[in-house]
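In what follows, a single structure is set out as structure tokens and then discussed.
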Amino acid sequence: MIQRIQSLWLLLAAACTIATFKISFFSGNRLNETTNTKEWVEFVATNNTIVLILTVLVAVAALVAIFMFKDRKRQMLIGIATGIASIALLFAYLTEEQKFTEARVDLTSIVHFAIPLLIGLAIRAIYRDEKLVKSADRIR
């Protein structure tokens with residue numbers, strides 16, 4: 001399970017996704033409708049329902065994909081779906097940024113951008129494993 005490189009990539013992706021509950025993607029001033037004043041907000045995954053749901057989905061899917069090591073085709077399918085969900089998560093962050101009057105992307109957003117990269121590396125490793133097994137089956 002952990003001896004395969006894709007398990008490490010998926011574990012790192014899940015850890016980065018869980019870290020986004022505390023690490024901000026961007027911060028800025030948001031206009032408060034009730035008092036009509038600006039308030040400083042550091043936007044994390046728990047600030048919006050859609051972002052929260054996508055974050056939990058990506059973290060759980062990455063962890064589930066680790067334990068699908070016996071069925072590489074299904075593991076790759078879950079990895080691709082997780083990669084698409086992580087890209088959708090980035091778009092959700094960027095659309096939320098548009099709702100701020102003044103916003104700047106934080107340096108810690110690197111963690112958010114690393115998630116699709118790590119999932120892509122895991123998919124690549126799963127594909128290589130599948131290719132290796134097929135070539136070994138052909139030799140038998």
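By convention here, the chains of the structure tokens are called A, B, ... in the order presented, each chain's residues are numbered starting at 1, and ligands are numbered starting at 1 in the order presented.
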Open item on the list: Can you pull out every residue from stretch 101-140 of chain A that DSSP, working from the backbone, puts in strand (DSSP E), and format the result as a ChimeraX atom specification?
Closed with: /A:102-105
Open item on the list: as an MDAnalysis selection string, please: the residues near A:Ala85 (cut-off 8 Å, only C-alpha atoms, same-chain neighbours under 6 positions excluded).
Closed with: chainID A and resid 54 57:58
TODO: Could you give me, as an MDAnalysis selection string, each residue of stretch 25-136 of chain A that DSSP assigns to helix (DSSP H, G or I) when run on this structure's backbone?
DONE: chainID A and resid 45:47 49:66 72:97 109:136
Task: Who sits within 8 Å of stretch 95-105 of chain A, only C-alpha atoms, same chain under 2 positions skipped, as a PyMOL selection string - done: chain A and resi 25-31+91-93+107+109
Contact table stretch 5-51 of chain A vs stretch 65-69 of chain A, cut-off 12 Å, shortest pair per residue, only C-alpha atoms, as CSV:
residue,atom,partner,partner_atom,distance
A:Ile5,CA,A:Ile66,CA,10.3
A:Gln6,CA,A:Ile66,CA,7.7
A:Ser7,CA,A:Ile66,CA,5.2
A:Leu8,CA,A:Ile66,CA,8.4
A:Trp9,CA,A:Ile66,CA,9.2
A:Leu10,CA,A:Ile66,CA,6.4
A:Leu11,CA,A:Ile66,CA,7.3
A:Leu12,CA,A:Ile66,CA,10.8
A:Ala13,CA,A:Ile66,CA,10.8
A:Ala14,CA,A:Ile66,CA,9.9
Let me see the file: selected residues, all heavy atoms, as a PDB file, in the first residue's frame.
ATOM      1  N   ILE A   5       4.779   4.511  -5.011  1.00  0.00           N
ATOM      2  CA  ILE A   5       4.987   5.958  -5.029  1.00  0.00           C
ATOM      3  C   ILE A   5       3.672   6.717  -5.152  1.00  0.00           C
ATOM      4  O   ILE A   5       3.517   7.798  -4.592  1.00  0.00           O
ATOM      5  CB  ILE A   5       6.005   6.357  -6.134  1.00  0.00           C
ATOM      6  CG1 ILE A   5       6.434   7.816  -6.003  1.00  0.00           C
ATOM      7  CG2 ILE A   5       5.447   6.095  -7.514  1.00  0.00           C
ATOM      8  CD1 ILE A   5       7.285   8.097  -4.815  1.00  0.00           C
ATOM      9  N   GLN A   6       2.682   6.133  -5.860  1.00  0.00           N
ATOM     10  CA  GLN A   6       1.412   6.834  -5.993  1.00  0.00           C
ATOM     11  C   GLN A   6       0.705   6.973  -4.650  1.00  0.00           C
ATOM     12  O   GLN A   6      -0.012   7.939  -4.425  1.00  0.00           O
ATOM     13  CB  GLN A   6       0.495   6.177  -7.027  1.00  0.00           C
ATOM     14  CG  GLN A   6       0.050   4.780  -6.706  1.00  0.00           C
ATOM     15  CD  GLN A   6       0.863   3.762  -7.450  1.00  0.00           C
ATOM     16  OE1 GLN A   6       2.021   3.980  -7.734  1.00  0.00           O
ATOM     17  NE2 GLN A   6       0.265   2.630  -7.757  1.00  0.00           N
ATOM     18  N   SER A   7       0.946   6.036  -3.744  1.00  0.00           N
ATOM     19  CA  SER A   7       0.360   6.152  -2.411  1.00  0.00           C
ATOM     20  C   SER A   7       0.941   7.348  -1.672  1.00  0.00           C
ATOM     21  O   SER A   7       0.228   8.057  -0.964  1.00  0.00           O
ATOM     22  CB  SER A   7       0.599   4.882  -1.605  1.00  0.00           C
ATOM     23  OG  SER A   7      -0.004   3.781  -2.230  1.00  0.00           O
ATOM     24  N   LEU A   8       2.232   7.575  -1.853  1.00  0.00           N
ATOM     25  CA  LEU A   8       2.857   8.742  -1.211  1.00  0.00           C
ATOM     26  C   LEU A   8       2.337  10.049  -1.809  1.00  0.00           C
ATOM     27  O   LEU A   8       2.071  11.010  -1.086  1.00  0.00           O
ATOM     28  CB  LEU A   8       4.376   8.657  -1.334  1.00  0.00           C
ATOM     29  CG  LEU A   8       5.033   7.503  -0.582  1.00  0.00           C
ATOM     30  CD1 LEU A   8       6.520   7.444  -0.893  1.00  0.00           C
ATOM     31  CD2 LEU A   8       4.802   7.651   0.908  1.00  0.00           C
ATOM     32  N   TRP A   9       2.195  10.083  -3.143  1.00  0.00           N
ATOM     33  CA  TRP A   9       1.678  11.293  -3.780  1.00  0.00           C
ATOM     34  C   TRP A   9       0.246  11.578  -3.321  1.00  0.00           C
ATOM     35  O   TRP A   9      -0.108  12.721  -3.030  1.00  0.00           O
ATOM     36  CB  TRP A   9       1.710  11.173  -5.293  1.00  0.00           C
ATOM     37  CG  TRP A   9       3.062  11.135  -5.929  1.00  0.00           C
ATOM     38  CD1 TRP A   9       3.485  10.236  -6.865  1.00  0.00           C
ATOM     39  CD2 TRP A   9       4.172  12.012  -5.722  1.00  0.00           C
ATOM     40  NE1 TRP A   9       4.781  10.504  -7.217  1.00  0.00           N
ATOM     41  CE2 TRP A   9       5.219  11.592  -6.542  1.00  0.00           C
ATOM     42  CE3 TRP A   9       4.369  13.121  -4.906  1.00  0.00           C
ATOM     43  CZ2 TRP A   9       6.455  12.234  -6.575  1.00  0.00           C
ATOM     44  CZ3 TRP A   9       5.600  13.757  -4.932  1.00  0.00           C
ATOM     45  CH2 TRP A   9       6.626  13.315  -5.769  1.00  0.00           C
ATOM     46  N   LEU A  10      -0.569  10.528  -3.247  1.00  0.00           N
ATOM     47  CA  LEU A  10      -1.955  10.715  -2.811  1.00  0.00           C
ATOM     48  C   LEU A  10      -2.028  11.107  -1.340  1.00  0.00           C
ATOM     49  O   LEU A  10      -2.871  11.928  -0.953  1.00  0.00           O
ATOM     50  CB  LEU A  10      -2.762   9.441  -3.073  1.00  0.00           C
ATOM     51  CG  LEU A  10      -3.060   9.147  -4.538  1.00  0.00           C
ATOM     52  CD1 LEU A  10      -3.593   7.730  -4.697  1.00  0.00           C
ATOM     53  CD2 LEU A  10      -4.042  10.155  -5.094  1.00  0.00           C
ATOM     54  N   LEU A  11      -1.147  10.556  -0.525  1.00  0.00           N
ATOM     55  CA  LEU A  11      -1.115  10.922   0.889  1.00  0.00           C
ATOM     56  C   LEU A  11      -0.695  12.377   1.063  1.00  0.00           C
ATOM     57  O   LEU A  11      -1.281  13.107   1.864  1.00  0.00           O
ATOM     58  CB  LEU A  11      -0.171   9.994   1.652  1.00  0.00           C
ATOM     59  CG  LEU A  11      -0.163  10.137   3.162  1.00  0.00           C
ATOM     60  CD1 LEU A  11      -1.519   9.748   3.734  1.00  0.00           C
ATOM     61  CD2 LEU A  11       0.927   9.279   3.773  1.00  0.00           C
ATOM     62  N   LEU A  12       0.288  12.815   0.287  1.00  0.00           N
ATOM     63  CA  LEU A  12       0.695  14.227   0.331  1.00  0.00           C
ATOM     64  C   LEU A  12      -0.425  15.146  -0.159  1.00  0.00           C
ATOM     65  O   LEU A  12      -0.639  16.221   0.398  1.00  0.00           O
ATOM     66  CB  LEU A  12       1.951  14.443  -0.506  1.00  0.00           C
ATOM     67  CG  LEU A  12       3.262  14.035   0.137  1.00  0.00           C
ATOM     68  CD1 LEU A  12       4.392  14.125  -0.883  1.00  0.00           C
ATOM     69  CD2 LEU A  12       3.563  14.900   1.339  1.00  0.00           C
ATOM     70  N   ALA A  13      -1.145  14.726  -1.196  1.00  0.00           N
ATOM     71  CA  ALA A  13      -2.266  15.525  -1.697  1.00  0.00           C
ATOM     72  C   ALA A  13      -3.361  15.633  -0.644  1.00  0.00           C
ATOM     73  O   ALA A  13      -3.936  16.708  -0.436  1.00  0.00           O
ATOM     74  CB  ALA A  13      -2.825  14.916  -2.983  1.00  0.00           C
ATOM     75  N   ALA A  14      -3.654  14.524   0.043  1.00  0.00           N
ATOM     76  CA  ALA A  14      -4.669  14.553   1.101  1.00  0.00           C
ATOM     77  C   ALA A  14      -4.214  15.434   2.257  1.00  0.00           C
ATOM     78  O   ALA A  14      -5.017  16.195   2.824  1.00  0.00           O
ATOM     79  CB  ALA A  14      -4.958  13.140   1.587  1.00  0.00           C
TER      80      ALA A  14
END
Open item on the list: I'd like the contact shell of A:Thr55 - 8 Å cut-off, only C-alpha atoms, skipping same-chain residues fewer than 6 positions apart - returned as a PyMOL selection string.
Closed with: chain A and resi 17-18+20+45+86+89
Those same residues, written as a PDB file, in the first residue's frame with N, CA, C and O atoms?
ATOM      1  N   THR A  17      -4.571  19.011   1.257  1.00  0.00           N
ATOM      2  CA  THR A  17      -5.986  19.380   1.231  1.00  0.00           C
ATOM      3  C   THR A  17      -6.507  19.614   2.641  1.00  0.00           C
ATOM      4  O   THR A  17      -7.251  20.563   2.888  1.00  0.00           O
ATOM      5  N   ILE A  18      -6.122  18.760   3.572  1.00  0.00           N
ATOM      6  CA  ILE A  18      -6.543  18.952   4.960  1.00  0.00           C
ATOM      7  C   ILE A  18      -5.925  20.215   5.541  1.00  0.00           C
ATOM      8  O   ILE A  18      -6.558  20.919   6.335  1.00  0.00           O
ATOM      9  N   THR A  20      -5.545  22.940   4.056  1.00  0.00           N
ATOM     10  CA  THR A  20      -6.232  24.131   3.556  1.00  0.00           C
ATOM     11  C   THR A  20      -7.372  24.582   4.464  1.00  0.00           C
ATOM     12  O   THR A  20      -7.934  25.651   4.250  1.00  0.00           O
ATOM     13  N   ALA A  45     -10.790  27.307   3.681  1.00  0.00           N
ATOM     14  CA  ALA A  45     -11.796  26.388   3.136  1.00  0.00           C
ATOM     15  C   ALA A  45     -13.106  26.420   3.906  1.00  0.00           C
ATOM     16  O   ALA A  45     -14.157  26.112   3.354  1.00  0.00           O
ATOM     17  N   SER A  86     -10.186  18.846  -7.708  1.00  0.00           N
ATOM     18  CA  SER A  86      -9.229  19.803  -7.150  1.00  0.00           C
ATOM     19  C   SER A  86      -9.082  21.033  -8.039  1.00  0.00           C
ATOM     20  O   SER A  86      -8.886  22.147  -7.546  1.00  0.00           O
ATOM     21  N   LEU A  89     -12.004  23.063  -7.346  1.00  0.00           N
ATOM     22  CA  LEU A  89     -11.791  23.754  -6.069  1.00  0.00           C
ATOM     23  C   LEU A  89     -11.000  25.036  -6.269  1.00  0.00           C
ATOM     24  O   LEU A  89     -11.327  26.073  -5.677  1.00  0.00           O
TER      25      LEU A  89
END
Task: Who sits within 6 Å of A:Ser24, only C-alpha atoms, same chain under 3 positions skipped, as an NGL selection string - done: :A and (42-44)
Now that the selection is made, can you save its residues with N, CA, C and O atoms as a short mmCIF file (atom, residue, chain, number, x, y, z; two decimals), in the first residue's frame?
data_model
loop_
_atom_site.label_atom_id
_atom_site.label_comp_id
_atom_site.auth_asym_id
_atom_site.auth_seq_id
_atom_site.Cartn_x
_atom_site.Cartn_y
_atom_site.Cartn_z
N GLU A 42 -9.30 36.51 6.03
CA GLU A 42 -8.39 35.54 5.43
C GLU A 42 -9.25 34.37 4.99
O GLU A 42 -9.85 33.70 5.81
N PHE A 43 -9.32 34.13 3.70
CA PHE A 43 -10.24 33.13 3.15
C PHE A 43 -9.62 31.75 3.24
O PHE A 43 -8.63 31.45 2.59
N VAL A 44 -10.22 30.88 4.04
CA VAL A 44 -9.82 29.48 4.16
C VAL A 44 -10.98 28.61 3.68
O VAL A 44 -12.05 29.11 3.34
#
- [ ] Within 10 Å of A:Ala81, counting only C-alpha atoms, which residues show up once you throw out same-chain ones fewer than 3 positions away? Write them as a list of chain:residue names, please.
- [x]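 With the cut-off at 10 Å, the set is A:Val58, A:Ala61, A:Ala62, A:Gln75, A:Met76, A:Leu77, A:Ile78, A:Ile84, A:Ala85, A:Ser86, A:Ile87, A:Ile119.
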Dump all heavy atoms for the selected residues as a CSV table (one decimal), in the first residue's frame?
chain,number,residue,atom,x,y,z
A,58,VAL,N,-12.2,16.2,-2.0
A,58,VAL,CA,-10.9,15.9,-2.6
A,58,VAL,C,-10.0,15.2,-1.5
A,58,VAL,O,-9.3,14.2,-1.9
A,58,VAL,CB,-10.2,17.3,-3.0
A,58,VAL,CG1,-8.7,17.0,-3.2
A,58,VAL,CG2,-10.8,17.9,-4.2
A,61,ALA,N,-11.4,11.5,-1.2
A,61,ALA,CA,-11.2,10.8,-2.5
A,61,ALA,C,-9.7,10.4,-2.6
A,61,ALA,O,-9.4,9.3,-3.0
A,61,ALA,CB,-11.7,11.6,-3.7
A,62,ALA,N,-8.8,11.3,-2.2
A,62,ALA,CA,-7.4,11.0,-2.2
A,62,ALA,C,-7.1,9.9,-1.2
A,62,ALA,O,-6.3,9.0,-1.6
A,62,ALA,CB,-6.6,12.2,-1.9
A,75,GLN,N,-8.4,2.9,-9.3
A,75,GLN,CA,-7.6,3.8,-8.6
A,75,GLN,C,-7.3,5.0,-9.5
A,75,GLN,O,-7.3,6.2,-9.1
A,75,GLN,CB,-6.3,3.2,-8.1
A,75,GLN,CG,-5.5,4.1,-7.2
A,75,GLN,CD,-4.2,3.4,-6.8
A,75,GLN,OE1,-3.6,2.6,-7.5
A,75,GLN,NE2,-3.7,3.8,-5.6
A,76,MET,N,-7.0,4.7,-10.8
A,76,MET,CA,-6.8,5.8,-11.7
A,76,MET,C,-8.0,6.6,-12.0
A,76,MET,O,-8.0,7.8,-12.1
A,76,MET,CB,-6.2,5.2,-13.0
A,76,MET,CG,-5.7,6.3,-14.0
A,76,MET,SD,-5.1,5.7,-15.5
A,76,MET,CE,-3.8,4.6,-15.0
A,77,LEU,N,-9.1,5.9,-12.1
A,77,LEU,CA,-10.4,6.6,-12.3
A,77,LEU,C,-10.7,7.6,-11.1
A,77,LEU,O,-11.1,8.7,-11.3
A,77,LEU,CB,-11.5,5.6,-12.5
A,77,LEU,CG,-12.9,6.2,-12.8
A,77,LEU,CD1,-12.9,6.9,-14.1
A,77,LEU,CD2,-14.0,5.1,-12.7
A,78,ILE,N,-10.5,7.1,-9.9
A,78,ILE,CA,-10.7,7.9,-8.7
A,78,ILE,C,-9.7,9.1,-8.7
A,78,ILE,O,-10.0,10.2,-8.4
A,78,ILE,CB,-10.7,7.1,-7.4
A,78,ILE,CG1,-11.9,6.2,-7.4
A,78,ILE,CG2,-10.6,8.0,-6.2
A,78,ILE,CD1,-11.8,5.2,-6.2
A,84,ILE,N,-9.9,16.4,-11.2
A,84,ILE,CA,-10.9,17.3,-11.7
A,84,ILE,C,-11.6,18.1,-10.6
A,84,ILE,O,-11.8,19.3,-10.7
A,84,ILE,CB,-11.9,16.6,-12.5
A,84,ILE,CG1,-11.3,16.1,-13.8
A,84,ILE,CG2,-13.2,17.4,-12.9
A,84,ILE,CD1,-12.1,15.1,-14.6
A,85,ALA,N,-11.9,17.4,-9.5
A,85,ALA,CA,-12.4,18.1,-8.3
A,85,ALA,C,-11.5,19.1,-7.7
A,85,ALA,O,-11.9,20.2,-7.3
A,85,ALA,CB,-12.9,17.1,-7.3
A,86,SER,N,-10.2,18.8,-7.7
A,86,SER,CA,-9.2,19.8,-7.2
A,86,SER,C,-9.1,21.0,-8.0
A,86,SER,O,-8.9,22.1,-7.5
A,86,SER,CB,-7.9,19.1,-6.9
A,86,SER,OG,-7.3,18.8,-8.1
A,87,ILE,N,-9.2,20.8,-9.3
A,87,ILE,CA,-9.2,22.0,-10.3
A,87,ILE,C,-10.5,22.8,-10.1
A,87,ILE,O,-10.4,24.1,-10.1
A,87,ILE,CB,-9.0,21.5,-11.7
A,87,ILE,CG1,-7.5,21.0,-11.9
A,87,ILE,CG2,-9.2,22.7,-12.7
A,87,ILE,CD1,-7.3,20.3,-13.2
A,119,ILE,N,-1.7,15.1,-7.3
A,119,ILE,CA,-2.7,14.1,-7.9
A,119,ILE,C,-2.3,13.7,-9.3
A,119,ILE,O,-2.4,12.5,-9.7
A,119,ILE,CB,-4.1,14.7,-7.8
A,119,ILE,CG1,-4.5,14.8,-6.3
A,119,ILE,CG2,-5.1,13.8,-8.6
A,119,ILE,CD1,-5.8,15.5,-6.1
Task: Between atom CA of A:Ala114 and atom CA of A:Trp40 - distance in Å to one decimal - done: 25.8 Å
Task: From A:Val60, A:Leu90, A:Val41, A:Ile53, residue lying nearest A:Pro116 [only C-alpha atoms] - done: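 Of the candidates, the smallest distance to A:Pro116 is held by A:Leu90.
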Task: Å distance separating atom CA of A:Ile110 from atom CA of A:Gly83, one decimal place - done: 16.2 Å
Open item on the list: One decimal, in Å: what's the spacing between atom CA of A:Thr108 and atom CA of A:Ile23?
Closed with: 6.4 Å
Open item on the list: Give me the residues near A:Arg72 as a ChimeraX atom specification, where near means some atom within 9 Å (using only C-alpha atoms) and where sequence neighbours in that chain fewer than 6 positions away do not count.
Closed with: /A:126-127,129-130
Open item on the list: Which residue is closest to A:Ala88? Choose from A:Arg124, A:Ala136, A:Lys38, A:Ile50 and count only C-alpha atoms.
Closed with: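 Checking each of A:Arg124, A:Ala136, A:Lys38, A:Ile50 against A:Ala88, counting only C-alpha atoms, the winner is A:Ile50.
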